[in-house]
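A.B. asks: Okay, handing you the structure first.
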Amino acid sequence: MRKNVNPQAGIAVIDINDVPELYSGIKYFDGDIAFADKISTIPNLTDVFKVTFVAVVFCLRGNLRIKLNNVEHVVNEREALYIGANTVVSDVEHEDDFDCKIVVVANTMSMNFINKSIVEAVMLIGSNPVVKFTQHESELMLKYYELAMFKIEHPQINYSRETLMGILKSFALDLLSCVSKHFTESDSGMLRQGDKLFHKFLLLLASNETNERSVQFFADKLFVSPKYLTSICNEKCGSTASDLIARSIVSRIQQLLQYSNKSIKEIAAEMNFDNLSFFGKYVKKHLGDSPNNFRKKNAYGK
């Protein structure tokens, strides 16, 4: 099992790329997304480790005991456990008949699912990571998992990664919509000051209609220094404010290149780039190709 060790805390750090090596229950893995079950096949569950990805565990039978950031949680049938990026996991115990489904998403990929309507639910579930579903909600979550697995297992039926991402985005939206119904507005008062600042930053990112890319811009909006905003982002998700802004911007550019008929010049203007040269360099840096080449290789329906 490959682990990266944090020399300061002595805690093993588990990246999404480590998942296939430490977990034989993997059903699908492509570097950004993993589907799994049979948590009992994960070795060394009693170890203390930090994850850099986002994971949701759906309990179908039995129960699971687990500590997240040294706080114990119990997950029972028809409940889901949300494990956010940069979470320290320890003391994992489960019943012999425990059965579950697990979805793991790279932290960079999870930014693609952010929009203004779900940020509140993300923050609430981060503070209250165990969510109880109704029978119908539980059935819906399971059907999403099964649909994604069916697409993966039957690639001959019009499979593409874009359709899988569409399923996952709908999955995330419905999951967080269900979550938000199980919390009251008073729950938002449970968020600490750092949580609230990070929450407001994500809301600004989601509603960034002018496609601003400066950390200073967002820090000014939040009445904090860029350094402090970056420290909060590092604490909450293990990424800098600049990284989160770039992921949000790149996700929008990628969608426009893949799914719109707008010209490269029109996309550059819409994304608030002063000239095509700078836009081209930005896309090359983050997507590994020029805007034209990326569109040719990845356009929807290609």
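In the structure tokens, the first chain shown is A, the next is B, and so on; residue numbers restart at 1 for each chain, and ligands run from 1 in the order shown.
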Check which residues of stretch 157-245 of chain A sit at most 12 Å from stretch 22-37 of chain A using only C-alpha atoms, and return one row each with the closest pair of atoms and their distance in Å to one decimal, ordered by chain and rising number, as a tab-separated table.
C.D. replies:
residue	atom	partner	partner_atom	distance
A:Arg161	CA	A:Asp30	CA	9.9
A:Leu164	CA	A:Ile33	CA	10.0
A:Met165	CA	A:Ile33	CA	9.4
A:Leu168	CA	A:Ile33	CA	9.5
A.B. asks: With a distance cut-off of 9 Å and only C-alpha atoms, select the neighbouring residues of stretch 205-219 of chain A, excluding the residue or stretch itself and same-chain residues fewer than 4 positions from it, and output the selection as an MDAnalysis selection string.
C.D. replies: chainID A and resid 114:117 119 200:201 223:230 241:242 244:246 248:249 270:272
A.B. asks: Where does DSSP see strand (DSSP E or B) in stretch 57-114 of chain A, if you list the residues as a ChimeraX atom specification?
C.D. replies: /A:57-61,64-68,71-75,79-83,87-94,99-106
A.B. asks: Can you list every residue of stretch 41-74 of chain A that has an atom at most 10 Å from stretch 82-91 of chain A, with its nearest atom pair and the distance in Å to one decimal, using only C-alpha atoms, ordered by chain then number, as a Markdown table?
C.D. replies:
| residue | atom | partner | partner_atom | distance |
| --- | --- | --- | --- | --- |
| A:Leu45 | CA | A:Asp91 | CA | 7.2 |
| A:Thr46 | CA | A:Asp91 | CA | 5.1 |
| A:Asp47 | CA | A:Ser90 | CA | 6.0 |
| A:Val48 | CA | A:Ser90 | CA | 4.6 |
| A:Phe49 | CA | A:Val89 | CA | 5.4 |
| A:Lys50 | CA | A:Val88 | CA | 4.2 |
| A:Val51 | CA | A:Asn86 | CA | 5.6 |
| A:Thr52 | CA | A:Ala85 | CA | 4.7 |
| A:Phe53 | CA | A:Ala85 | CA | 4.7 |
| A:Val54 | CA | A:Gly84 | CA | 4.8 |
| A:Ala55 | CA | A:Ile83 | CA | 5.1 |
| A:Val56 | CA | A:Tyr82 | CA | 4.7 |
| A:Val57 | CA | A:Tyr82 | CA | 6.7 |
| A:Phe58 | CA | A:Tyr82 | CA | 9.0 |
| A:Arg65 | CA | A:Asp91 | CA | 7.5 |
| A:Ile66 | CA | A:Asp91 | CA | 5.5 |
| A:Lys67 | CA | A:Ser90 | CA | 5.1 |
| A:Leu68 | CA | A:Val89 | CA | 4.9 |
| A:Asn69 | CA | A:Val88 | CA | 4.8 |
| A:Asn70 | CA | A:Ser90 | CA | 7.2 |
| A:Val71 | CA | A:Ser90 | CA | 9.3 |
| A:Glu72 | CA | A:Asp91 | CA | 8.4 |
